[in-house]
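Participant: Structure file structure.csv, CSV, C-alpha atoms, is pasted below:
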```
chain,number,residue,atom,x,y,z
H,1,MET,CA,35.4,12.7,-34.1
H,2,ASN,CA,33.2,15.6,-33.2
H,3,LEU,CA,31.8,15.2,-29.6
H,4,LEU,CA,28.3,16.4,-30.5
H,5,LYS,CA,28.0,13.6,-33.1
H,6,MET,CA,28.7,11.1,-30.3
H,7,LEU,CA,26.0,12.3,-28.0
H,8,SER,CA,22.2,12.0,-28.0
H,9,ALA,CA,20.0,15.1,-28.0
H,10,SER,CA,19.5,14.9,-24.2
H,11,GLU,CA,23.2,14.5,-23.6
H,12,CYS,CA,24.0,17.5,-25.8
H,13,LEU,CA,21.5,19.5,-23.7
H,14,TRP,CA,23.2,18.6,-20.5
H,15,LEU,CA,26.6,19.2,-21.9
H,16,CYS,CA,25.6,22.7,-23.1
H,17,LEU,CA,24.2,23.5,-19.7
H,18,ALA,CA,27.4,22.3,-18.1
H,19,VAL,CA,29.5,24.6,-20.3
H,20,LEU,CA,27.3,27.6,-19.5
H,21,ILE,CA,27.4,27.2,-15.7
H,22,PRO,CA,29.6,30.0,-14.3
H,23,SER,CA,30.7,28.1,-11.2
H,24,ALA,CA,34.5,28.2,-11.4
H,25,SER,CA,34.8,30.7,-8.6
H,26,ALA,CA,31.7,29.5,-6.7
H,27,GLU,CA,33.3,26.8,-4.6
H,28,GLY,CA,30.7,24.9,-2.6
H,29,SER,CA,27.8,25.7,-4.9
H,30,ARG,CA,25.7,22.7,-5.8
H,31,ILE,CA,24.0,21.6,-9.0
H,32,LYS,CA,21.2,19.0,-8.9
H,33,VAL,CA,20.9,16.3,-11.5
H,34,VAL,CA,17.8,14.1,-11.6
H,35,VAL,CA,17.5,10.9,-13.7
H,36,ARG,CA,15.4,7.8,-13.9
H,37,GLU,CA,17.0,4.5,-12.8
H,38,GLY,CA,18.5,2.7,-15.8
H,39,SER,CA,19.3,5.9,-17.7
H,40,ASP,CA,22.6,7.7,-18.1
H,41,ALA,CA,23.5,10.7,-15.9
H,42,ILE,CA,25.7,13.5,-17.0
H,43,LEU,CA,27.5,15.3,-14.1
H,44,PRO,CA,28.7,18.7,-15.3
H,45,CYS,CA,32.0,20.3,-14.2
H,46,SER,CA,33.5,23.1,-16.3
H,47,LEU,CA,36.0,25.9,-15.6
H,48,SER,CA,34.6,29.4,-16.4
H,49,THR,CA,37.9,30.4,-17.8
H,50,LYS,CA,37.7,27.8,-20.5
H,51,GLU,CA,41.4,27.1,-20.2
H,52,SER,CA,42.6,23.7,-21.3
H,53,ILE,CA,42.8,21.0,-18.6
H,54,GLU,CA,44.4,18.3,-20.9
H,55,GLN,CA,47.6,18.4,-18.7
H,56,HIS,CA,45.8,19.1,-15.4
H,57,LEU,CA,44.5,16.8,-12.7
H,58,PHE,CA,40.8,16.6,-11.8
H,59,ASN,CA,39.2,14.0,-9.6
H,60,TRP,CA,35.6,12.9,-9.2
H,61,ARG,CA,34.5,11.4,-5.9
H,62,LYS,CA,31.2,10.5,-4.4
H,63,VAL,CA,31.3,12.0,-0.9
H,64,ASP,CA,27.8,11.3,0.5
H,65,PRO,CA,26.4,9.0,1.9
H,66,LYS,CA,29.9,7.3,1.7
H,67,GLU,CA,33.1,8.3,-0.1
H,68,GLN,CA,33.9,6.5,-3.3
H,69,GLU,CA,36.4,7.1,-6.1
H,70,VAL,CA,34.4,7.7,-9.3
H,71,PHE,CA,36.8,9.0,-11.9
H,72,ARG,CA,40.3,10.4,-12.0
H,73,TYR,CA,42.2,12.2,-14.8
H,74,ASP,CA,45.8,13.2,-14.6
H,75,GLY,CA,47.6,14.6,-17.7
H,76,GLY,CA,46.1,12.1,-20.1
H,77,LEU,CA,46.0,9.1,-17.7
H,78,HIS,CA,42.8,7.9,-16.1
H,79,TYR,CA,41.2,4.8,-14.6
H,80,TYR,CA,40.9,3.1,-18.0
H,81,ASN,CA,44.5,3.5,-19.2
H,82,GLY,CA,46.7,3.0,-16.2
H,83,LEU,CA,45.5,4.7,-13.1
H,84,PRO,CA,44.3,2.4,-10.3
H,85,GLY,CA,41.9,3.1,-7.4
H,86,GLN,CA,38.4,3.3,-9.0
H,87,ASP,CA,35.6,2.0,-6.8
H,88,GLU,CA,34.3,-1.3,-8.0
H,89,HIS,CA,30.7,0.1,-8.0
H,90,PHE,CA,31.6,2.5,-10.8
H,91,ARG,CA,34.0,0.4,-12.8
H,92,GLY,CA,33.2,0.3,-16.5
H,93,ARG,CA,30.3,2.8,-16.1
H,94,VAL,CA,32.0,6.2,-16.1
H,95,SER,CA,33.6,8.1,-18.9
H,96,HIS,CA,34.6,11.6,-19.8
H,97,PHE,CA,34.7,13.7,-23.0
H,98,PRO,CA,38.3,13.9,-24.2
H,99,LEU,CA,37.6,16.5,-26.9
H,100,GLU,CA,36.2,18.9,-24.4
H,101,LEU,CA,39.2,18.9,-22.1
H,102,GLN,CA,40.8,21.7,-24.2
H,103,PHE,CA,37.8,23.9,-23.3
H,104,GLY,CA,38.2,23.3,-19.5
H,105,ASN,CA,35.3,20.8,-19.5
H,106,ALA,CA,35.7,17.9,-17.0
H,107,THR,CA,32.1,16.6,-17.3
H,108,ILE,CA,31.6,12.9,-16.9
H,109,ILE,CA,28.8,10.5,-17.7
H,110,ILE,CA,27.6,7.6,-15.5
H,111,LYS,CA,26.0,4.8,-17.6
H,112,ASN,CA,23.0,2.7,-16.5
H,113,THR,CA,22.4,4.4,-13.2
H,114,VAL,CA,21.0,2.6,-10.2
H,115,VAL,CA,19.3,4.0,-7.1
H,116,ASN,CA,22.5,3.6,-5.1
H,117,ASP,CA,24.2,6.1,-7.4
H,118,SER,CA,22.2,8.8,-5.7
H,119,GLY,CA,24.3,11.1,-3.5
H,120,VAL,CA,26.6,14.1,-3.5
H,121,TYR,CA,29.6,14.2,-5.9
H,122,THR,CA,32.6,16.5,-6.0
H,123,CYS,CA,34.8,17.5,-9.0
H,124,ASP,CA,38.2,18.8,-7.7
H,125,PHE,CA,41.0,20.6,-9.4
H,126,PRO,CA,43.6,20.4,-6.6
H,127,ARG,CA,46.5,21.8,-8.6
H,128,LEU,CA,44.8,25.0,-9.7
H,129,GLN,CA,45.5,28.2,-7.9
H,130,PRO,CA,43.2,28.7,-6.2
H,131,LYS,CA,42.0,25.2,-5.8
H,132,GLN,CA,38.5,24.7,-7.2
H,133,THR,CA,35.8,22.3,-6.2
H,134,PHE,CA,32.4,21.8,-7.8
H,135,THR,CA,29.5,19.9,-6.0
H,136,ILE,CA,26.8,18.0,-7.8
H,137,GLU,CA,23.9,16.2,-6.3
H,138,LEU,CA,22.7,13.2,-8.2
H,139,VAL,CA,19.2,11.8,-7.7
H,140,VAL,CA,18.3,8.5,-9.3
H,141,ALA,CA,14.6,7.9,-9.1
H,142,GLY,CA,14.0,4.2,-8.7
H,143,ARG,CA,10.2,4.5,-8.4
H,144,VAL,CA,7.9,7.4,-8.0
H,145,ALA,CA,5.7,7.3,-4.8
H,146,LYS,CA,2.2,6.0,-4.9
H,147,ALA,CA,-0.1,6.5,-1.9
H,148,PHE,CA,-2.7,4.1,-0.6
H,149,ALA,CA,-5.3,5.2,2.0
H,150,ARG,CA,-7.8,3.1,4.0
H,151,ILE,CA,-9.8,3.1,7.2
H,152,LEU,CA,-8.5,1.1,10.0
H,153,LYS,CA,-11.3,1.7,12.6
H,154,ILE,CA,-14.4,3.8,12.7
H,155,THR,CA,-17.1,4.6,15.3
H,156,GLU,CA,-19.9,7.1,15.4
H,157,ASP,CA,-17.7,10.1,15.7
H,158,LYS,CA,-14.1,9.0,15.2
H,159,ALA,CA,-11.9,7.1,12.7
H,160,VAL,CA,-8.3,5.9,12.4
H,161,LEU,CA,-6.9,6.3,8.9
H,162,LYS,CA,-3.8,4.6,7.5
H,163,CYS,CA,-1.7,5.9,4.6
H,164,GLU,CA,0.9,3.6,3.0
H,165,VAL,CA,3.7,4.4,0.5
H,166,ARG,CA,5.7,1.5,-0.7
H,167,ASP,CA,9.0,1.0,-2.6
H,168,ALA,CA,9.5,4.7,-3.3
H,169,SER,CA,12.8,6.3,-4.3
H,170,PRO,CA,13.8,8.9,-3.4
H,171,LYS,CA,12.3,9.0,0.1
H,172,PRO,CA,8.9,10.9,0.0
H,173,LYS,CA,7.4,13.1,2.6
H,174,VAL,CA,3.9,11.7,3.6
H,175,GLU,CA,1.1,13.8,5.1
H,176,TRP,CA,-2.6,13.6,5.9
H,177,ARG,CA,-4.8,16.5,4.8
H,178,ASP,CA,-8.4,17.3,5.1
H,179,GLY,CA,-10.8,18.2,2.3
H,180,ASP,CA,-9.7,21.9,2.5
H,181,GLY,CA,-6.0,21.0,2.2
H,182,ASN,CA,-5.1,21.6,5.8
H,183,ILE,CA,-2.3,19.3,7.2
H,184,LEU,CA,-3.7,17.0,9.9
H,185,PRO,CA,-1.8,16.0,13.1
H,186,ALA,CA,-0.5,12.4,12.8
H,187,GLU,CA,1.5,9.8,14.6
H,188,GLU,CA,5.2,9.4,14.0
H,189,PRO,CA,5.6,7.8,10.6
H,190,GLN,CA,6.8,4.2,10.5
H,191,VAL,CA,9.7,4.0,8.0
H,192,SER,CA,11.6,1.0,6.6
H,193,HIS,CA,13.9,0.8,3.6
H,194,THR,CA,15.9,-1.5,1.5
H,195,GLY,CA,18.8,0.4,0.1
H,196,GLU,CA,17.3,3.6,-1.3
H,197,ARG,CA,13.8,2.3,-1.6
H,198,TYR,CA,11.4,3.4,1.2
H,199,ASN,CA,8.2,2.1,2.7
H,200,ILE,CA,6.3,4.6,4.9
H,201,THR,CA,3.2,4.2,7.0
H,202,LEU,CA,1.4,7.2,8.5
H,203,LEU,CA,-1.6,7.0,10.9
H,204,THR,CA,-4.0,9.7,11.9
H,205,THR,CA,-7.2,9.9,14.0
H,206,VAL,CA,-10.0,12.2,12.7
H,207,THR,CA,-13.2,13.2,14.3
H,208,ARG,CA,-16.6,13.9,12.8
H,209,THR,CA,-16.7,17.2,11.0
H,210,ASN,CA,-18.6,18.9,8.3
H,211,ASN,CA,-16.1,17.5,5.9
H,212,SER,CA,-15.6,13.7,5.6
H,213,LEU,CA,-13.1,13.8,2.8
H,214,PHE,CA,-9.4,13.2,3.5
H,215,HIS,CA,-6.3,13.0,1.5
H,216,CYS,CA,-3.1,11.0,1.9
H,217,VAL,CA,-0.3,13.0,0.1
H,218,ALA,CA,3.2,11.8,-0.8
H,219,THR,CA,5.7,14.3,-2.1
H,220,GLN,CA,9.1,13.7,-3.7
H,221,GLU,CA,10.6,17.1,-3.9
H,222,GLU,CA,13.7,16.0,-5.8
H,223,LEU,CA,11.4,14.8,-8.6
H,224,SER,CA,8.8,17.6,-8.2
H,225,HIS,CA,6.4,14.7,-7.9
H,226,VAL,CA,3.2,14.8,-5.8
H,227,THR,CA,0.7,11.9,-5.5
H,228,GLU,CA,-2.3,11.4,-3.3
H,229,ASP,CA,-5.1,9.0,-2.5
H,230,GLU,CA,-8.5,10.4,-1.6
H,231,LEU,CA,-10.6,8.8,1.1
H,232,TYR,CA,-14.2,9.3,2.1
H,233,VAL,CA,-15.0,8.5,5.8
H,234,PRO,CA,-18.6,7.4,6.2
H,235,PHE,CA,-19.1,8.4,9.9
H,236,CYS,CA,-22.2,6.6,11.3
H,237,GLU,CA,-25.3,8.7,11.8
H,238,LYS,CA,-27.7,8.4,14.7
H,239,LEU,CA,-29.0,5.1,13.3
H,240,CYS,CA,-25.7,3.6,14.3
H,241,LYS,CA,-26.6,3.9,17.9
H,242,GLY,CA,-28.2,0.9,19.5
H,243,GLN,CA,-31.0,2.8,21.2
H,244,ASP,CA,-32.2,4.2,18.0
H,245,ARG,CA,-32.3,1.1,15.8
H,246,THR,CA,-32.9,-2.6,15.8
H,247,SER,CA,-29.4,-3.9,15.3
H,248,GLY,CA,-28.5,-6.9,13.1
H,249,GLN,CA,-27.6,-8.7,16.2
H,250,ASP,CA,-31.1,-8.3,17.7
H,251,ILE,CA,-32.7,-9.6,14.5
H,252,THR,CA,-30.3,-12.5,14.3
H,253,GLY,CA,-30.9,-13.4,18.0
H,254,TRP,CA,-34.7,-13.5,17.5
H,255,LEU,CA,-34.4,-15.7,14.4
H,256,VAL,CA,-32.0,-18.1,16.3
H,257,GLY,CA,-34.4,-18.3,19.2
H,258,TRP,CA,-37.4,-19.0,17.0
H,259,PHE,CA,-35.5,-21.7,15.1
H,260,ILE,CA,-34.3,-23.4,18.4
H,261,GLY,CA,-37.9,-23.4,19.7
H,262,ILE,CA,-39.2,-25.1,16.6
H,263,LEU,CA,-36.4,-27.6,16.6
H,264,SER,CA,-36.9,-28.4,20.3
H,265,SER,CA,-40.6,-29.1,19.8
H,266,ALA,CA,-39.9,-31.4,16.8
H,267,LEU,CA,-37.3,-33.4,18.7
H,268,LEU,CA,-39.7,-33.7,21.7
H,269,LEU,CA,-42.5,-35.0,19.5
H,270,ALA,CA,-40.2,-37.4,17.8
H,271,GLY,CA,-39.1,-38.8,21.2
H,272,LEU,CA,-42.6,-39.3,22.4
H,273,LEU,CA,-43.6,-41.1,19.3
H,274,ALA,CA,-40.5,-43.3,19.5
H,275,THR,CA,-41.3,-44.4,23.0
H,276,LYS,CA,-45.0,-44.8,22.2
H,277,THR,CA,-45.9,-42.3,24.9
H,278,ILE,CA,-48.3,-40.8,22.4
H,279,SER,CA,-50.1,-42.1,19.3
H,280,VAL,CA,-51.4,-40.2,16.3
H,281,TYR,CA,-54.4,-41.3,14.3
H,282,SER,CA,-56.4,-39.7,11.5
H,283,ASN,CA,-59.6,-40.3,9.7
H,284,LYS,CA,-57.7,-41.7,6.7
H,285,GLY,CA,-57.6,-45.1,8.3
H,286,CYS,CA,-58.1,-46.3,11.9
H,287,THR,CA,-57.7,-50.0,12.3
H,288,GLY,CA,-58.7,-52.0,15.2
H,289,SER,CA,-56.8,-55.2,16.1
H,290,ALA,CA,-58.0,-57.5,18.9
H,291,ASN,CA,-60.7,-58.0,21.5
H,292,LYS,CA,-63.4,-56.5,19.3
H,293,SER,CA,-66.9,-56.9,21.1
H,294,SER,CA,-70.2,-56.1,19.4
H,295,GLU,CA,-72.0,-56.7,22.6
H,296,ASP,CA,-70.7,-53.5,24.2
H,297,PRO,CA,-73.3,-50.8,23.5
H,298,PRO,CA,-72.3,-47.2,23.2
H,299,ALA,CA,-72.3,-45.0,26.3
H,300,PRO,CA,-75.7,-43.8,27.3
H,301,ASP,CA,-74.9,-40.2,26.7
H,302,SER,CA,-73.0,-40.8,23.4
H,303,GLU,CA,-74.4,-39.6,20.1
H,304,THR,CA,-72.3,-42.1,18.2
H,305,GLY,CA,-74.3,-44.8,16.5
H,306,PRO,CA,-73.4,-48.4,16.1
H,307,GLU,CA,-72.3,-47.8,12.5
H,308,GLU,CA,-70.0,-45.1,13.5
H,309,LEU,CA,-68.3,-46.9,16.3
H,310,LYS,CA,-65.2,-48.4,14.6
H,311,GLY,CA,-62.9,-48.4,17.5
H,312,LEU,CA,-62.2,-51.3,19.8
H,313,ARG,CA,-63.2,-51.5,23.5
H,314,ASN,CA,-59.6,-51.2,24.6
H,315,SER,CA,-58.5,-48.7,21.9
H,316,SER,CA,-56.9,-45.5,22.8
H,317,VAL,CA,-58.5,-43.6,19.9
H,318,VAL,CA,-61.9,-43.2,18.4
H,319,CYS,CA,-61.9,-41.7,14.9
H,320,SER,CA,-64.8,-39.8,13.4
H,321,PRO,CA,-64.9,-38.3,9.9
H,322,ALA,CA,-62.8,-35.3,9.1
H,323,THR,CA,-61.0,-35.2,12.4
H,324,SER,CA,-57.6,-36.1,13.8
H,325,HIS,CA,-56.7,-36.7,17.4
H,326,VAL,CA,-53.6,-37.1,19.5
H,327,TRP,CA,-54.3,-38.9,22.7
H,328,LEU,CA,-51.9,-39.8,25.4
H,329,SER,CA,-51.9,-43.6,26.0
H,330,ASP,CA,-52.8,-45.1,29.3
H,331,SER,CA,-49.5,-46.9,29.5
```
Give the structure from the file, written as structure tokens.
Facilitator:
Amino acid sequence: MNLLKMLSASECLWLCLAVLIPSASAEGSRIKVVVREGSDAILPCSLSTKESIEQHLFNWRKVDPKEQEVFRYDGGLHYYNGLPGQDEHFRGRVSHFPLELQFGNATIIIKNTVVNDSGVYTCDFPRLQPKQTFTIELVVAGRVAKAFARILKITEDKAVLKCEVRDASPKPKVEWRDGDGNILPAEEPQVSHTGERYNITLLTTVTRTNNSLFHCVATQEELSHVTEDELYVPFCEKLCKGQDRTSGQDITGWLVGWFIGILSSALLLAGLLATKTISVYSNKGCTGSANKSSEDPPAPDSETGPEELKGLRNSSVVCSPATSHVWLSDS
């Protein structure tokens, strides 16, 4: 079967590029392949002489960050028809292109890539004279970086800013920049990771300037991906200073004091009424009870006539029309 009919358009493109790479004599040169997690990665390896390698030996290894056996071909034998030794991580996921061996093409394809597939691979022809080795760097992007910026603390002329990048792969470079694009000094970044997924926090302290706009920038060079989060810092003006304004605390304190004063007066009045220390009467109804005497004339200097005198001799209160009185009792 024709190989080109077996491949997708993207795989054909990678294969064509692999065939055209003149790296047979460039031992140590490196090719970079970048794919999304879950997709297939084609790692190119091809002799510039185009000589057949059907009866030759070539070996694929992952050498960084740790060494793993990826694929081995030896004169028609390989990991899927008799050769042992393939790393468990790659078992069942790696294949080559048999029809291309006659053209010196040892390219392989890794199916369903994961972030942990990222690393440096070598393709060796140990029996050729001279020995030839090709180096390919595979980058499997688990998730592009996304930056989040916020204000941790702010005063009249200074602010502490925090930038966070979470669950990014590959590891991004994180920077703070001002509104003109200048890189700002920052603290040592706090970095944590699970496998190849990275969480990064970067703090910086900025002071009041003519520009209150700042940017948290995350760059993944392997993916040619740059993302940023813009943050406006509202530095306090002079009104923020206590001597130039009535603060919310001052207003709140005044209201609390006023309320406590009213409440205290109400409680005091209620207590006095409860203990009969004071009595309250109004013109809407004063009633006398006992010891009423019609023989007691009004005081000589009083202008109150006999008809108006409704109180009792021993009463505490005398009511007159349209008036109310609060008198302390004699008891």
Participant: Could you state the separation of atom CA of H:Pro126 and atom CA of H:Ile108 in Å, given to one decimal place?
Facilitator: 17.5 Å
Participant: Could you tell me how far atom CA of H:Glu67 lies from atom CA of H:Thr135, in Å and to one decimal?
Facilitator: 13.5 Å
Participant: Between H:Asp157, H:Glu221, H:Tyr198, H:Leu267, which has the minimum distance to H:Pro234 (counting all atoms listed in the file)?
Facilitator: H:Asp157
Participant: By how many Å are atom CA of H:Pro44 and atom CA of H:Thr107 apart?
Facilitator: 4.5 Å
Participant: When you look at H:Gln86 with a cut-off of 7 Å (counting all atoms listed in the file), what residues show up, excluding the ones that are within fewer than 6 positions of it in the same chain? I need them as number ranges by chain.
Facilitator: H: 69-71, 79
Participant: Which residue is closest to H:Ala141? Choose from H:Ser264, H:Thr194, H:Asn105, H:Gln220 and count all atoms listed in the file.
Facilitator: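 Checking each of H:Ser264, H:Thr194, H:Asn105, H:Gln220 against H:Ala141, counting all atoms listed in the file, the winner is H:Gln220.
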Participant: Between H:Thr122, H:Gln68, H:Ser52, H:Gln102, single out the one closest to H:Ile31, counting only C-alpha atoms.
Facilitator: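 Among the listed residues, H:Thr122 lies closest to H:Ile31.
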Participant: With a distance cut-off of 9 Å and all atoms listed in the file, select the neighbouring residues of H:Ala145, excluding the residue or stretch itself and same-chain residues fewer than 4 positions from it, and output the selection as a ChimeraX atom specification.
Facilitator: /H:165-172,218-220,225-227
Participant: Counting all atoms listed in the file, which residue out of H:Arg150, H:Lys111, H:Lys158, H:Arg143 sits closest to H:Asn199?
Facilitator: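 Checking each of H:Arg150, H:Lys111, H:Lys158, H:Arg143 against H:Asn199, counting all atoms listed in the file, the winner is H:Arg143.
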Participant: Point out the residue among H:Ala266, H:Leu101, H:Leu57, H:Cys163 with the least atom-to-atom distance to H:Lys131, counting all atoms listed in the file.
Facilitator: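 Using all atoms listed in the file, H:Lys131 sits closest to H:Leu57.
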Participant: Around (31.9, 6.4, -14.0), as given in the file, which residues come within 10 Å? Count all atoms listed in the file and list them as a count of residues only.
Facilitator: 26
Participant: Would you mind telling me which residue in H:Asp178, H:Lys162, H:Val35, H:Cys216 lies nearest to H:Thr204 when using only C-alpha atoms?
Facilitator: H:Lys162
Participant: From the structure just shown, export stretch 215-224 of chain H with all heavy atoms as a PDB file, in the first residue's frame.
Facilitator:
```pdb
ATOM      1  N   HIS H 215       1.179  45.155  33.400  1.00  0.00           N
ATOM      2  CA  HIS H 215       0.854  43.940  32.656  1.00  0.00           C
ATOM      3  C   HIS H 215       1.593  42.754  33.253  1.00  0.00           C
ATOM      4  O   HIS H 215       2.805  42.820  33.498  1.00  0.00           O
ATOM      5  CB  HIS H 215       1.249  44.086  31.181  1.00  0.00           C
ATOM      6  CG  HIS H 215       0.603  45.231  30.491  1.00  0.00           C
ATOM      7  ND1 HIS H 215      -0.582  45.113  29.792  1.00  0.00           N
ATOM      8  CD2 HIS H 215       0.969  46.542  30.392  1.00  0.00           C
ATOM      9  CE1 HIS H 215      -0.912  46.292  29.295  1.00  0.00           C
ATOM     10  NE2 HIS H 215       0.007  47.175  29.641  1.00  0.00           N
ATOM     11  N   CYS H 216       0.852  41.673  33.472  1.00  0.00           N
ATOM     12  CA  CYS H 216       1.445  40.391  33.828  1.00  0.00           C
ATOM     13  C   CYS H 216       1.551  39.584  32.531  1.00  0.00           C
ATOM     14  O   CYS H 216       0.540  39.321  31.882  1.00  0.00           O
ATOM     15  CB  CYS H 216       0.566  39.678  34.850  1.00  0.00           C
ATOM     16  SG  CYS H 216       0.996  37.954  35.084  1.00  0.00           S
ATOM     17  N   VAL H 217       2.768  39.204  32.152  1.00  0.00           N
ATOM     18  CA  VAL H 217       3.003  38.576  30.847  1.00  0.00           C
ATOM     19  C   VAL H 217       3.590  37.179  31.048  1.00  0.00           C
ATOM     20  O   VAL H 217       4.560  36.999  31.783  1.00  0.00           O
ATOM     21  CB  VAL H 217       3.968  39.429  29.994  1.00  0.00           C
ATOM     22  CG1 VAL H 217       4.158  38.786  28.627  1.00  0.00           C
ATOM     23  CG2 VAL H 217       3.452  40.853  29.860  1.00  0.00           C
ATOM     24  N   ALA H 218       2.989  36.192  30.396  1.00  0.00           N
ATOM     25  CA  ALA H 218       3.494  34.806  30.423  1.00  0.00           C
ATOM     26  C   ALA H 218       3.842  34.386  28.998  1.00  0.00           C
ATOM     27  O   ALA H 218       3.025  34.528  28.088  1.00  0.00           O
ATOM     28  CB  ALA H 218       2.451  33.870  31.011  1.00  0.00           C
ATOM     29  N   THR H 219       5.053  33.856  28.820  1.00  0.00           N
ATOM     30  CA  THR H 219       5.543  33.495  27.489  1.00  0.00           C
ATOM     31  C   THR H 219       5.959  32.022  27.459  1.00  0.00           C
ATOM     32  O   THR H 219       6.722  31.572  28.317  1.00  0.00           O
ATOM     33  CB  THR H 219       6.756  34.364  27.105  1.00  0.00           C
ATOM     34  OG1 THR H 219       6.397  35.748  27.188  1.00  0.00           O
ATOM     35  CG2 THR H 219       7.218  34.049  25.694  1.00  0.00           C
ATOM     36  N   GLN H 220       5.431  31.286  26.506  1.00  0.00           N
ATOM     37  CA  GLN H 220       5.870  29.918  26.237  1.00  0.00           C
ATOM     38  C   GLN H 220       6.570  29.924  24.884  1.00  0.00           C
ATOM     39  O   GLN H 220       5.938  29.877  23.829  1.00  0.00           O
ATOM     40  CB  GLN H 220       4.670  28.959  26.239  1.00  0.00           C
ATOM     41  CG  GLN H 220       4.036  28.771  27.618  1.00  0.00           C
ATOM     42  CD  GLN H 220       2.703  28.071  27.545  1.00  0.00           C
ATOM     43  OE1 GLN H 220       1.763  28.585  26.945  1.00  0.00           O
ATOM     44  NE2 GLN H 220       2.599  26.896  28.170  1.00  0.00           N
ATOM     45  N   GLU H 221       7.888  30.008  24.928  1.00  0.00           N
ATOM     46  CA  GLU H 221       8.667  30.170  23.706  1.00  0.00           C
ATOM     47  C   GLU H 221       8.519  28.966  22.781  1.00  0.00           C
ATOM     48  O   GLU H 221       8.498  29.115  21.550  1.00  0.00           O
ATOM     49  CB  GLU H 221      10.134  30.390  24.064  1.00  0.00           C
ATOM     50  CG  GLU H 221      10.379  31.707  24.820  1.00  0.00           C
ATOM     51  CD  GLU H 221      11.842  31.896  25.160  1.00  0.00           C
ATOM     52  OE1 GLU H 221      12.637  30.955  24.919  1.00  0.00           O
ATOM     53  OE2 GLU H 221      12.185  32.985  25.662  1.00  0.00           O
ATOM     54  N   GLU H 222       8.400  27.768  23.370  1.00  0.00           N
ATOM     55  CA  GLU H 222       8.289  26.570  22.538  1.00  0.00           C
ATOM     56  C   GLU H 222       7.037  26.602  21.662  1.00  0.00           C
ATOM     57  O   GLU H 222       7.015  26.035  20.574  1.00  0.00           O
ATOM     58  CB  GLU H 222       8.252  25.313  23.414  1.00  0.00           C
ATOM     59  CG  GLU H 222       9.510  25.079  24.229  1.00  0.00           C
ATOM     60  CD  GLU H 222       9.452  25.773  25.579  1.00  0.00           C
ATOM     61  OE1 GLU H 222       8.630  26.705  25.752  1.00  0.00           O
ATOM     62  OE2 GLU H 222      10.231  25.392  26.463  1.00  0.00           O
ATOM     63  N   LEU H 223       5.982  27.273  22.180  1.00  0.00           N
ATOM     64  CA  LEU H 223       4.720  27.336  21.444  1.00  0.00           C
ATOM     65  C   LEU H 223       4.543  28.663  20.711  1.00  0.00           C
ATOM     66  O   LEU H 223       3.519  28.870  20.055  1.00  0.00           O
ATOM     67  CB  LEU H 223       3.541  27.139  22.404  1.00  0.00           C
ATOM     68  CG  LEU H 223       3.568  25.893  23.291  1.00  0.00           C
ATOM     69  CD1 LEU H 223       2.331  25.862  24.176  1.00  0.00           C
ATOM     70  CD2 LEU H 223       3.647  24.647  22.438  1.00  0.00           C
ATOM     71  N   SER H 224       5.520  29.551  20.856  1.00  0.00           N
ATOM     72  CA  SER H 224       5.391  30.912  20.323  1.00  0.00           C
ATOM     73  C   SER H 224       4.094  31.555  20.835  1.00  0.00           C
ATOM     74  O   SER H 224       3.381  32.232  20.082  1.00  0.00           O
ATOM     75  CB  SER H 224       5.420  30.901  18.785  1.00  0.00           C
ATOM     76  OG  SER H 224       6.633  30.363  18.315  1.00  0.00           O
TER      77      SER H 224
END
```
